[in-house]
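Shown next: start-v2.tsv, containing TSV, C-alpha atoms.
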```tsv
chain	number	residue	atom	x	y	z
H	22	MET	CA	-74.08	-45.80	-1.41
H	23	PRO	CA	-74.07	-41.95	-1.70
H	24	SER	CA	-77.44	-40.31	-1.88
H	25	THR	CA	-78.84	-38.59	-5.00
H	26	ASP	CA	-78.54	-35.12	-3.39
H	27	TYR	CA	-74.88	-35.71	-2.55
H	28	ARG	CA	-74.09	-36.71	-6.16
H	29	LYS	CA	-75.82	-33.63	-7.51
H	30	LYS	CA	-73.90	-31.31	-5.18
H	31	ARG	CA	-70.56	-32.90	-6.13
H	32	ILE	CA	-71.26	-32.56	-9.87
H	33	ALA	CA	-72.23	-28.91	-9.42
H	34	ALA	CA	-68.97	-28.16	-7.50
H	35	LEU	CA	-66.83	-29.79	-10.23
H	36	ALA	CA	-68.62	-27.83	-12.94
H	37	ALA	CA	-68.04	-24.54	-11.10
H	38	ALA	CA	-64.30	-25.29	-10.67
H	39	CYS	CA	-63.92	-26.04	-14.39
H	40	ALA	CA	-65.65	-22.81	-15.30
H	41	VAL	CA	-63.31	-20.78	-13.10
H	42	ALA	CA	-60.25	-22.49	-14.61
H	43	LEU	CA	-61.46	-21.79	-18.15
H	44	VAL	CA	-62.01	-18.12	-17.32
H	45	LEU	CA	-58.58	-17.74	-15.76
H	46	ASN	CA	-56.85	-19.47	-18.66
H	47	GLY	CA	-58.68	-17.32	-21.14
H	48	CYS	CA	-57.74	-14.13	-19.31
H	49	GLY	CA	-54.11	-15.17	-19.01
H	50	SER	CA	-53.86	-15.99	-22.70
H	51	LYS	CA	-55.47	-12.72	-23.59
H	52	ALA	CA	-53.12	-10.74	-21.37
H	53	ALA	CA	-50.13	-12.56	-22.73
H	54	THR	CA	-51.29	-12.06	-26.30
H	55	GLY	CA	-51.88	-8.38	-25.69
H	56	ARG	CA	-48.51	-7.89	-24.11
H	57	ASP	CA	-46.70	-9.73	-26.85
H	58	LYS	CA	-48.41	-7.91	-29.67
H	59	GLY	CA	-48.29	-4.40	-28.12
H	60	THR	CA	-45.44	-1.89	-28.27
H	61	PRO	CA	-43.01	-2.74	-25.44
H	62	GLN	CA	-42.43	-0.11	-22.81
H	63	VAL	CA	-38.76	0.62	-22.01
H	64	GLY	CA	-37.05	2.74	-19.40
H	65	PHE	CA	-34.35	5.12	-20.53
H	66	ARG	CA	-31.68	7.30	-18.98
H	67	VAL	CA	-30.53	10.55	-20.59
H	68	MET	CA	-26.78	10.41	-21.13
H	69	GLN	CA	-24.53	13.35	-20.24
H	70	PRO	CA	-20.71	13.34	-20.31
H	71	THR	CA	-18.85	13.53	-17.04
H	72	THR	CA	-15.36	13.22	-15.58
H	73	VAL	CA	-14.66	9.77	-14.16
H	74	PRO	CA	-11.67	8.69	-12.06
H	75	ILE	CA	-9.88	5.72	-13.64
H	76	GLU	CA	-9.05	3.18	-10.93
H	77	THR	CA	-6.24	0.66	-11.32
H	78	GLU	CA	-5.77	-2.49	-9.24
H	79	LEU	CA	-2.15	-3.49	-8.76
H	80	ALA	CA	-0.19	-5.99	-6.70
H	81	GLY	CA	1.78	-4.71	-3.74
H	82	ARG	CA	3.95	-5.88	-0.88
H	83	VAL	CA	4.02	-4.41	2.63
H	84	ALA	CA	7.32	-2.99	3.91
H	85	ALA	CA	8.30	-1.36	7.18
H	86	SER	CA	8.62	2.42	7.04
H	87	LYS	CA	11.88	2.10	9.01
H	88	SER	CA	14.04	-0.94	9.65
H	89	ALA	CA	17.33	-1.21	11.54
H	90	GLU	CA	19.54	-4.19	12.30
H	91	VAL	CA	20.99	-4.43	15.79
H	92	ARG	CA	24.69	-5.28	15.40
H	93	PRO	CA	27.58	-5.56	17.88
H	94	GLN	CA	30.38	-2.99	17.64
H	95	VAL	CA	32.85	-5.05	19.71
H	96	THR	CA	33.76	-8.70	20.14
H	97	GLY	CA	32.69	-10.61	23.22
H	98	VAL	CA	30.33	-13.06	24.89
H	99	ILE	CA	26.69	-12.06	25.46
H	100	GLN	CA	25.99	-11.94	29.19
H	101	ARG	CA	22.35	-10.77	29.18
H	102	ARG	CA	19.44	-10.06	26.87
H	103	LEU	CA	17.64	-6.97	28.14
H	104	PHE	CA	14.38	-6.96	26.12
H	105	ALA	CA	11.32	-9.10	25.46
H	106	GLU	CA	11.14	-10.43	21.93
H	107	GLY	CA	8.31	-8.82	19.93
H	108	SER	CA	8.03	-5.86	22.29
H	109	TYR	CA	8.24	-2.15	21.53
H	110	VAL	CA	11.67	-0.66	22.26
H	111	ARG	CA	12.83	2.95	22.26
H	112	ALA	CA	15.93	4.41	20.67
H	113	GLY	CA	18.89	4.13	23.04
H	114	GLN	CA	17.29	1.41	25.17
H	115	PRO	CA	19.85	-1.31	26.17
H	116	LEU	CA	19.19	-4.58	24.38
H	117	PHE	CA	22.23	-6.80	24.98
H	118	GLN	CA	25.07	-6.81	27.50
H	119	ILE	CA	28.43	-8.10	26.23
H	120	ASP	CA	31.12	-9.10	28.77
H	121	PRO	CA	32.85	-5.75	29.53
H	122	SER	CA	35.79	-7.00	31.65
H	123	LEU	CA	38.46	-6.79	28.92
H	124	TYR	CA	37.26	-3.39	27.74
H	125	ARG	CA	37.07	-2.05	31.29
H	126	ALA	CA	40.68	-3.11	31.82
H	127	ALA	CA	41.73	-1.51	28.55
H	128	ALA	CA	40.08	1.74	29.59
H	129	SER	CA	41.88	1.67	32.94
H	130	GLN	CA	45.21	1.06	31.21
H	131	ALA	CA	44.58	3.92	28.79
H	132	ALA	CA	43.78	6.23	31.71
H	133	ALA	CA	47.05	5.28	33.44
H	134	ASN	CA	49.02	5.87	30.24
H	135	LEU	CA	47.43	9.29	29.96
H	136	GLU	CA	48.47	10.22	33.50
H	137	SER	CA	52.01	9.11	32.78
H	138	ALA	CA	52.12	11.14	29.60
H	139	ARG	CA	50.82	14.19	31.39
H	140	ALA	CA	53.52	13.88	34.05
H	141	SER	CA	56.22	13.54	31.43
H	142	ALA	CA	54.83	16.52	29.55
H	143	ALA	CA	54.81	18.66	32.70
H	144	ALA	CA	58.46	17.81	33.43
H	145	ALA	CA	59.51	18.45	29.85
H	146	GLY	CA	57.71	21.77	29.81
H	147	THR	CA	59.34	22.91	33.04
H	148	LYS	CA	62.79	21.97	31.73
H	149	ALA	CA	62.22	23.87	28.50
H	150	ALA	CA	61.11	26.92	30.48
H	151	ARG	CA	64.33	26.85	32.52
H	152	TYR	CA	66.54	26.50	29.44
H	153	ALA	CA	65.02	29.49	27.69
H	154	PRO	CA	66.79	32.26	29.73
H	155	LEU	CA	70.02	30.24	29.83
H	156	ALA	CA	70.04	29.97	26.07
H	157	ALA	CA	69.41	33.73	25.82
H	158	ALA	CA	72.42	34.38	28.11
H	159	GLN	CA	74.42	31.86	26.11
H	160	ALA	CA	74.95	29.81	29.28
H	161	VAL	CA	73.93	26.70	27.32
H	162	SER	CA	74.28	26.00	23.66
H	163	GLN	CA	71.48	26.77	21.28
H	164	GLN	CA	71.36	23.12	20.27
H	165	GLU	CA	70.71	21.99	23.82
H	166	TYR	CA	67.81	24.40	24.14
H	167	THR	CA	66.40	23.26	20.82
H	168	ASP	CA	66.48	19.61	21.94
H	169	VAL	CA	64.80	20.40	25.26
H	170	ALA	CA	62.03	22.40	23.58
H	171	ALA	CA	61.43	19.61	21.07
H	172	SER	CA	61.17	17.08	23.90
H	173	ALA	CA	58.51	19.24	25.56
H	174	ARG	CA	56.48	19.33	22.36
H	175	VAL	CA	56.81	15.55	21.94
H	176	ALA	CA	55.57	15.10	25.51
H	177	ARG	CA	52.53	17.27	24.82
H	178	ALA	CA	51.77	15.24	21.67
H	179	SER	CA	52.03	12.04	23.72
H	180	VAL	CA	49.39	13.42	26.06
H	181	ALA	CA	47.04	13.97	23.10
H	182	GLN	CA	47.72	10.45	21.80
H	183	ASN	CA	47.00	8.84	25.13
H	184	GLN	CA	43.88	10.96	25.53
H	185	ALA	CA	42.62	9.63	22.17
H	186	ALA	CA	43.46	6.07	23.24
H	187	LEU	CA	41.48	6.58	26.46
H	188	ASN	CA	38.51	7.92	24.48
H	189	THR	CA	38.61	4.86	22.18
H	190	ALA	CA	38.78	2.50	25.17
H	191	ARG	CA	35.81	4.22	26.79
H	192	ILE	CA	33.82	4.04	23.53
H	193	ASN	CA	34.54	0.31	23.23
H	194	LEU	CA	33.53	-0.15	26.85
H	195	ARG	CA	30.27	1.68	26.14
H	196	TYR	CA	29.67	-0.56	23.11
H	197	THR	CA	29.54	-3.60	25.38
H	198	THR	CA	25.99	-2.43	26.08
H	199	VAL	CA	24.21	-2.75	22.71
H	200	PRO	CA	21.44	-0.09	22.41
H	201	ALA	CA	18.41	0.13	20.12
H	202	PRO	CA	19.29	2.32	17.09
H	203	ILE	CA	15.63	3.35	16.51
H	204	SER	CA	12.28	3.10	18.25
H	205	GLY	CA	10.00	0.35	16.99
H	206	ARG	CA	8.90	-3.26	17.27
H	207	ILE	CA	11.79	-5.68	17.78
H	208	GLY	CA	11.78	-9.21	16.41
H	209	ARG	CA	13.31	-12.40	17.75
H	210	SER	CA	16.86	-12.55	19.06
H	211	ALA	CA	19.21	-14.41	16.72
H	212	PHE	CA	21.79	-15.01	19.51
H	213	THR	CA	21.33	-16.32	23.03
H	214	VAL	CA	23.17	-15.64	26.26
H	215	GLY	CA	26.64	-17.20	26.12
H	216	ALA	CA	27.04	-16.76	22.36
H	217	LEU	CA	30.24	-15.18	21.06
H	218	VAL	CA	29.58	-12.20	18.79
H	219	THR	CA	31.99	-10.11	16.75
H	220	SER	CA	31.90	-6.71	15.11
H	221	ALA	CA	32.50	-8.30	11.69
H	222	GLN	CA	29.77	-10.96	11.77
H	223	ASN	CA	27.17	-11.19	8.99
H	224	ASP	CA	24.06	-11.90	11.06
H	225	PRO	CA	22.44	-9.13	13.14
H	226	LEU	CA	21.55	-9.73	16.77
H	227	ALA	CA	17.94	-8.66	16.09
H	228	THR	CA	15.92	-6.40	13.79
H	229	ILE	CA	13.76	-3.43	14.74
H	230	ALA	CA	10.95	-2.26	12.43
H	231	VAL	CA	8.62	0.73	12.52
H	232	LEU	CA	5.13	-0.51	11.60
H	233	ASP	CA	3.06	2.66	12.07
H	234	PRO	CA	3.01	4.22	9.57
H	235	ILE	CA	3.83	1.42	7.14
H	236	TYR	CA	4.66	1.31	3.43
H	237	VAL	CA	3.14	-0.67	0.56
H	238	ASP	CA	5.36	-1.01	-2.50
H	239	ILE	CA	3.13	-1.22	-5.59
H	240	GLN	CA	4.35	-2.57	-8.92
H	241	GLN	CA	2.99	-1.06	-12.14
H	242	SER	CA	3.90	-2.14	-15.64
H	243	ALA	CA	6.05	0.40	-17.46
H	244	ALA	CA	3.87	-0.09	-20.57
H	245	ASP	CA	0.73	0.85	-18.61
H	246	LEU	CA	2.48	3.89	-17.18
H	247	VAL	CA	3.53	5.06	-20.65
H	248	LYS	CA	-0.04	4.53	-21.91
H	249	LEU	CA	-1.38	6.58	-19.02
H	250	ARG	CA	1.01	9.44	-19.67
H	251	ARG	CA	0.19	9.46	-23.37
H	252	GLN	CA	-3.50	9.62	-22.54
H	253	MET	CA	-2.90	12.61	-20.30
H	254	GLY	CA	-0.77	14.18	-23.01
H	255	THR	CA	-3.65	14.06	-25.49
H	256	GLY	CA	-5.99	15.80	-23.06
H	257	ALA	CA	-8.30	12.78	-22.70
H	258	GLY	CA	-7.23	12.36	-19.10
H	259	ALA	CA	-5.86	14.41	-16.26
H	260	PRO	CA	-3.49	13.43	-13.43
H	261	MET	CA	-4.90	13.21	-9.95
H	262	THR	CA	-3.93	12.31	-6.41
H	263	ALA	CA	-6.44	9.97	-4.84
H	264	PRO	CA	-6.49	7.72	-1.76
H	265	VAL	CA	-5.16	4.20	-2.07
H	266	ARG	CA	-7.33	1.28	-0.92
H	267	LEU	CA	-6.03	-2.15	0.02
H	268	THR	CA	-7.53	-5.61	-0.28
H	269	LEU	CA	-5.96	-8.22	1.98
H	270	ASP	CA	-5.25	-11.88	1.20
H	271	ASP	CA	-8.53	-12.97	2.79
H	272	GLY	CA	-10.50	-10.78	0.37
H	273	ASN	CA	-11.48	-8.17	2.94
H	274	GLU	CA	-10.73	-4.50	2.47
H	275	TYR	CA	-8.28	-2.79	4.78
H	276	GLY	CA	-10.31	-0.18	6.59
H	277	LEU	CA	-7.82	2.73	6.44
H	278	LEU	CA	-6.84	4.74	3.37
H	279	GLY	CA	-3.29	5.46	2.25
H	280	ARG	CA	-1.59	7.93	-0.05
H	281	VAL	CA	1.13	7.64	-2.68
H	282	ALA	CA	4.39	8.90	-1.19
H	283	PHE	CA	6.56	8.73	-4.32
H	284	SER	CA	7.21	6.83	-7.55
H	285	GLU	CA	10.54	5.44	-8.73
H	286	ILE	CA	12.23	7.24	-11.60
H	287	THR	CA	13.71	4.07	-13.13
H	288	VAL	CA	12.25	0.84	-14.50
H	289	ASP	CA	13.34	-2.46	-12.98
H	290	PRO	CA	15.03	-4.29	-15.89
H	291	ALA	CA	14.18	-7.70	-14.39
H	292	THR	CA	10.42	-7.14	-14.18
H	293	GLY	CA	9.79	-4.21	-16.53
H	294	SER	CA	7.82	-2.43	-13.83
H	295	VAL	CA	7.97	0.80	-11.86
H	296	THR	CA	7.59	0.84	-8.08
H	297	MET	CA	5.24	3.25	-6.36
H	298	ARG	CA	5.30	3.54	-2.58
H	299	ALA	CA	2.12	4.24	-0.64
H	300	GLN	CA	2.00	5.08	3.06
H	301	PHE	CA	-0.74	3.73	5.35
H	302	PRO	CA	-1.57	4.23	9.02
H	303	ASN	CA	-1.27	0.93	10.88
H	304	PRO	CA	-2.31	1.58	14.49
H	305	GLN	CA	-3.44	-2.00	15.16
H	306	GLY	CA	-0.46	-3.65	13.47
H	307	LEU	CA	-2.70	-5.51	11.00
H	308	LEU	CA	-0.27	-4.94	8.12
H	309	LEU	CA	3.04	-6.78	8.53
H	310	PRO	CA	6.20	-6.50	6.41
H	311	GLY	CA	6.26	-9.06	3.62
H	312	MET	CA	2.47	-9.38	3.20
H	313	PHE	CA	1.07	-9.40	-0.33
H	314	VAL	CA	-1.94	-7.13	-0.94
H	315	ARG	CA	-3.97	-5.68	-3.82
H	316	ALA	CA	-3.97	-1.90	-4.09
H	317	ARG	CA	-6.61	0.17	-5.89
H	318	LEU	CA	-5.88	3.75	-6.80
H	319	ALA	CA	-7.01	6.36	-9.31
H	320	GLN	CA	-4.03	7.80	-11.17
H	321	SER	CA	-6.01	9.88	-13.66
H	322	THR	CA	-9.49	10.99	-14.65
H	323	GLN	CA	-11.28	10.28	-17.91
H	324	THR	CA	-12.93	13.38	-19.33
H	325	ASN	CA	-16.01	13.37	-21.59
H	326	ALA	CA	-16.98	9.87	-20.51
H	327	TYR	CA	-20.41	8.31	-19.94
H	328	LEU	CA	-21.38	6.05	-17.05
H	329	VAL	CA	-23.54	3.22	-18.43
H	330	PRO	CA	-25.10	0.51	-16.21
H	331	GLN	CA	-23.36	-2.78	-16.83
H	332	GLY	CA	-26.68	-4.51	-17.48
H	333	ALA	CA	-27.39	-2.15	-20.39
H	334	VAL	CA	-24.23	-3.26	-22.25
H	335	SER	CA	-24.08	-6.46	-24.27
H	336	ARG	CA	-21.33	-7.99	-26.38
H	337	ASP	CA	-21.50	-9.24	-29.95
H	338	PRO	CA	-19.63	-12.40	-31.08
H	339	THR	CA	-16.49	-10.33	-31.71
H	340	GLY	CA	-16.55	-8.91	-28.17
H	341	ALA	CA	-17.59	-5.38	-29.17
H	342	ALA	CA	-19.77	-3.56	-26.64
H	343	GLN	CA	-23.30	-2.63	-27.74
H	344	VAL	CA	-26.15	-0.61	-26.26
H	345	TYR	CA	-29.66	0.40	-27.33
H	346	VAL	CA	-30.81	4.00	-27.53
H	347	VAL	CA	-34.18	5.52	-28.37
H	348	GLY	CA	-33.89	6.85	-31.92
H	349	ALA	CA	-36.15	8.81	-34.22
H	350	ASP	CA	-39.86	7.93	-34.16
H	351	ASN	CA	-39.27	6.12	-30.85
H	352	LYS	CA	-37.48	3.20	-32.47
H	353	ALA	CA	-34.73	1.19	-30.79
H	354	VAL	CA	-31.30	1.82	-32.32
H	355	ARG	CA	-28.33	-0.42	-31.57
H	356	ARG	CA	-25.01	1.37	-31.06
H	357	THR	CA	-21.48	0.02	-30.86
H	358	VAL	CA	-19.61	1.76	-28.04
H	359	THR	CA	-16.13	1.72	-26.53
H	360	ALA	CA	-16.25	0.37	-22.97
H	361	THR	CA	-12.92	-0.88	-21.66
H	362	ALA	CA	-13.08	-0.01	-17.94
H	363	THR	CA	-15.60	-0.05	-15.12
H	364	SER	CA	-16.42	2.27	-12.26
H	365	GLY	CA	-18.48	0.53	-9.61
H	366	ALA	CA	-21.60	-0.93	-11.25
H	367	ASN	CA	-21.11	1.08	-14.48
H	368	TRP	CA	-19.11	0.76	-17.66
H	369	ILE	CA	-17.05	3.81	-18.61
H	370	VAL	CA	-18.00	4.53	-22.24
H	371	THR	CA	-15.58	6.79	-24.08
H	372	ALA	CA	-17.02	6.61	-27.61
H	373	GLY	CA	-20.31	5.79	-29.32
H	374	LEU	CA	-22.67	7.99	-27.28
H	375	ASN	CA	-23.63	11.64	-27.57
H	376	PRO	CA	-24.94	14.14	-25.02
H	377	GLY	CA	-28.71	13.81	-24.65
H	378	ASP	CA	-28.94	10.22	-25.98
H	379	LYS	CA	-31.74	8.22	-24.38
H	380	LEU	CA	-30.04	5.02	-23.31
H	381	ILE	CA	-32.40	2.09	-22.82
H	382	THR	CA	-31.75	0.59	-19.38
H	383	GLN	CA	-35.02	-1.27	-18.73
H	384	GLY	CA	-37.13	-3.61	-20.79
H	385	LEU	CA	-34.25	-4.83	-22.95
H	386	GLY	CA	-35.56	-8.39	-23.08
H	387	LYS	CA	-37.84	-7.81	-26.11
H	388	VAL	CA	-36.06	-4.91	-27.79
H	389	LYS	CA	-34.79	-5.46	-31.32
H	390	PRO	CA	-33.03	-3.05	-33.71
H	391	GLY	CA	-35.54	-0.80	-35.46
H	392	GLN	CA	-38.44	-1.94	-33.27
H	393	PRO	CA	-40.90	0.74	-32.08
H	394	VAL	CA	-40.81	1.18	-28.31
H	395	LYS	CA	-42.66	3.20	-25.73
H	396	PRO	CA	-39.93	5.09	-23.85
H	397	VAL	CA	-40.44	6.34	-20.29
H	398	PRO	CA	-37.84	7.58	-17.79
H	399	GLU	CA	-36.26	4.69	-15.90
H	400	THR	CA	-37.52	6.16	-12.64
H	401	ALA	CA	-41.15	5.87	-13.79
H	402	PRO	CA	-43.25	2.80	-12.83
H	403	GLN	CA	-42.82	0.04	-15.41
H	404	VAL	CA	-45.67	-2.00	-16.88
H	405	PRO	CA	-45.65	-5.77	-16.35
H	406	GLY	CA	-43.22	-7.41	-18.75
H	407	SER	CA	-40.51	-4.75	-18.65
H	408	ARG	CA	-37.56	-5.29	-16.32
H	409	PRO	CA	-34.38	-3.46	-15.31
H	410	ALA	CA	-31.26	-3.94	-17.36
H	411	GLY	CA	-29.38	-7.11	-16.56
H	412	LYS	CA	-32.29	-8.98	-14.89
H	413	LYS	CA	-34.14	-11.93	-16.39
H	414	GLY	CA	-37.87	-12.18	-16.28
```

File written out as structure tokens:
Amino acid sequence: MPSTDYRKKRIAALAAACAVALVLNGCGSKAATGRDKGTPQVGFRVMQPTTVPIETELAGRVAASKSAEVRPQVTGVIQRRLFAEGSYVRAGQPLFQIDPSLYRAAASQAAANLESARASAAAAGTKAARYAPLAAAQAVSQQEYTDVAASARVARASVAQNQAALNTARINLRYTTVPAPISGRIGRSAFTVGALVTSAQNDPLATIAVLDPIYVDIQQSAADLVKLRRQMGTGAGAPMTAPVRLTLDDGNEYGLLGRVAFSEITVDPATGSVTMRAQFPNPQGLLLPGMFVRARLAQSTQTNAYLVPQGAVSRDPTGAAQVYVVGADNKAVRRTVTATATSGANWIVTAGLNPGDKLITQGLGKVKPGQPVKPVPETAPQVPGSRPAGKKG
């Protein structure tokens, strides 16, 4: 059984703990009561108009800056493929070898025909030269001389014809080696060794694409473009040229910036959109033709706009944007504003605020319309109970 001294010590310890708890509870209630009944302290930011770039996010598709199909110019059987699929090739580099035997024979025949024509032309020219003085001395008839001279001219024309035939045969022989039309990255080969190809076939042998730089074709609604131009026409906005940023399919941002190269002058009747083309550096080949991306660009700037923290803006049941400002006699005044776009962590407010307004950004949890408040700059230390805009206590 515990001793009498032990029981006394235990009772004294319990009594002390209860006293401490009562004191703490009393202090907490008092602090809470004082904070609830006192004038709430709020942080404010002085509003001044500024010029804000208006960013638009649009869908885009990646396209090669240059693309060329490798096609045969003559008919024949492929003997060799002279490149590695997926490699970088240079303009003029041999890619395919078509069987040249028939074209080599045709070139040899054309060369022989040319030599024969030249010999005939030389003989005809010599004969015409001999007939000229005879015709002048009337030793031969004028008609005979005319026929001989005409034959010489026909022989010279035959030389030109055979020379052209030889040139054509040599060109066809050269076409049996299929070169790269441009420098770039070549894709897979659509035909293998032993395949018969023709100059009139529909399918190319391979395709070469230039991937650095690379294009992104961006689609913008014609209605949005008209709205933008009307806004600039009223003086509320101004055109600008800004970098273009890309977001890839995995949600990550492409690290390099692009620029708008040009915009189409016609609207696609099938989609009702206008195509803008942006050019991007692509040194690592991360962007590939056919990829879908999201492009962000600023096409104009909004003048006389206010940047308001998103946490300082609330919405009423109708969806209208509202903010609180410090009014006369340090009372909270609720304002309806126009906020239809964002810039980073801020709403872009185009109506409802005036220069010098003290926008309440902190301590909004207990602010009500017409309630007296104790305004301090938002950079000043806040008393317990006030909190930044958008955060719950």

| message | Report as a PyMOL selection string all protein, DNA and RNA residues lying within 6 Å of segment 262-279 of chain H, evaluated on only C-alpha atoms, omitting residues in the same chain fewer than 4 positions from it. | response | chain H and resi 300-301+314-319

| query | Which residues, protein or nucleic acid, reach to within 12 Å of (4.1, -12.9, 4.6) in the file's coordinates when using all atoms listed in the file, and can you give that as a list of chain:residue names? | reply | H:Gly81, H:Arg82, H:Val83, H:Ala84, H:Leu269, H:Asp270, H:Leu307, H:Leu308, H:Leu309, H:Pro310, H:Gly311, H:Met312, H:Phe313, H:Val314

| message | Env of Leu135 of chain H: 7 Å cut, atoms = all atoms listed in the file, seq-sep filter 2 positions within chain, self excluded. Answer as a list in words. | response |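 Near Leu135 of chain H, the qualifying residues are Ala131, Ala132, Ala133, Ser137, Ala138, Arg139, Val180, Asn183 and Gln184 of chain H.
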
Grab the residues selected above and save them as a PDB file, keeping the file's coordinate frame with C-alpha atoms.
```pdb
ATOM      1  CA  ALA H 131      44.580   3.920  28.790  1.00  0.00           C
ATOM      2  CA  ALA H 132      43.780   6.230  31.710  1.00  0.00           C
ATOM      3  CA  ALA H 133      47.050   5.280  33.440  1.00  0.00           C
ATOM      4  CA  SER H 137      52.010   9.110  32.780  1.00  0.00           C
ATOM      5  CA  ALA H 138      52.120  11.140  29.600  1.00  0.00           C
ATOM      6  CA  ARG H 139      50.820  14.190  31.390  1.00  0.00           C
ATOM      7  CA  VAL H 180      49.390  13.420  26.060  1.00  0.00           C
ATOM      8  CA  ASN H 183      47.000   8.840  25.130  1.00  0.00           C
ATOM      9  CA  GLN H 184      43.880  10.960  25.530  1.00  0.00           C
TER      10      GLN H 184
END
```

| task | Enter the distance from atom CA of Ala291 of chain H to atom CA of Tyr236 of chain H, in Å, rounded to one decimal. | result |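 Between these atoms lies a distance of 22.1 Å.
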
| task | With a distance cut-off of 12 Å and only C-alpha atoms, select the neighbouring residues of Leu103 of chain H, excluding the residue or stretch itself and same-chain residues fewer than 6 positions from it, and output the selection as a PyMOL selection string. | result | chain H and resi 110+114-119+198-201+207+210+213-214

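Compared by their closest atoms to Val91 of chain H, and using only C-alpha atoms, the residues H:Leu123, H:Ala299, H:Val394, H:Leu226 rank with H:Leu226 nearest.
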
| message | Could you tell me how far atom CA of Gln94 of chain H sits from atom CA of Thr197 of chain H, in Å to one decimal place? | response |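 Going from atom CA of Thr197 of chain H over to atom CA of Gln94 of chain H, I get 7.8 Å.
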
| Between H:Val346, H:Leu328, H:Ala153, H:Val334, which one has atoms that come closest to Thr371 of chain H, using only C-alpha atoms? | H:Leu328

| field | Atomic distance atom CA of Tyr166 of chain H - atom CA of Asn134 of chain H, expressed in Å with one decimal | value |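 It comes out at 27.1 Å.
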
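Nearest-residue note for Glu78 of chain H: choosing from H:Ser242, H:Thr400, H:Asn303, H:Asn193, the minimum distance belongs to H:Ser242, counting only C-alpha atoms.
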
| field | Which residue of H:Ala230, H:Ala158, H:Val175, H:Ala221 approaches Glu90 of chain H most closely, using all atoms listed in the file | value |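 Closest to Glu90 of chain H of all the choices is H:Ala230.
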
| Which is closer to Thr189 of chain H than all the others in H:Tyr327, H:Phe283, H:Tyr109, H:Tyr124, using all atoms listed in the file? |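 Result for the nearest residue to Thr189 of chain H: H:Tyr124.
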
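Shortest atom-to-atom contact with Gly384 of chain H among H:Ala80, H:Leu155, H:Val63, H:Ala89: H:Val63, counting all atoms listed in the file.
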
Test item: axis-aligned box, all listed atoms of segment 211-216 of chain H, 4 Å on each side, centre and edges in Å rounded to one decimal, as lines of an AutoDock Vina configuration file:
```
center_x = 23.1
center_y = -15.8
center_z = 21.5
size_x = 15.8
size_y = 10.8
size_z = 17.5
```

| field | Non-local contacts of Ser335 of chain H (7 Å; all atoms listed in the file; under 6 positions in same chain excluded) as a PyMOL selection string | value | chain H and resi 342-344

Go ahead and save the picked residues with C-alpha atoms, as a PDB file, in the frame of the given file.
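Written out: out-v6.pdb:
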```
ATOM      1  CA  ALA H 342     -19.770  -3.560 -26.640  1.00  0.00           C
ATOM      2  CA  GLN H 343     -23.300  -2.630 -27.740  1.00  0.00           C
ATOM      3  CA  VAL H 344     -26.150  -0.610 -26.260  1.00  0.00           C
TER       4      VAL H 344
END
```
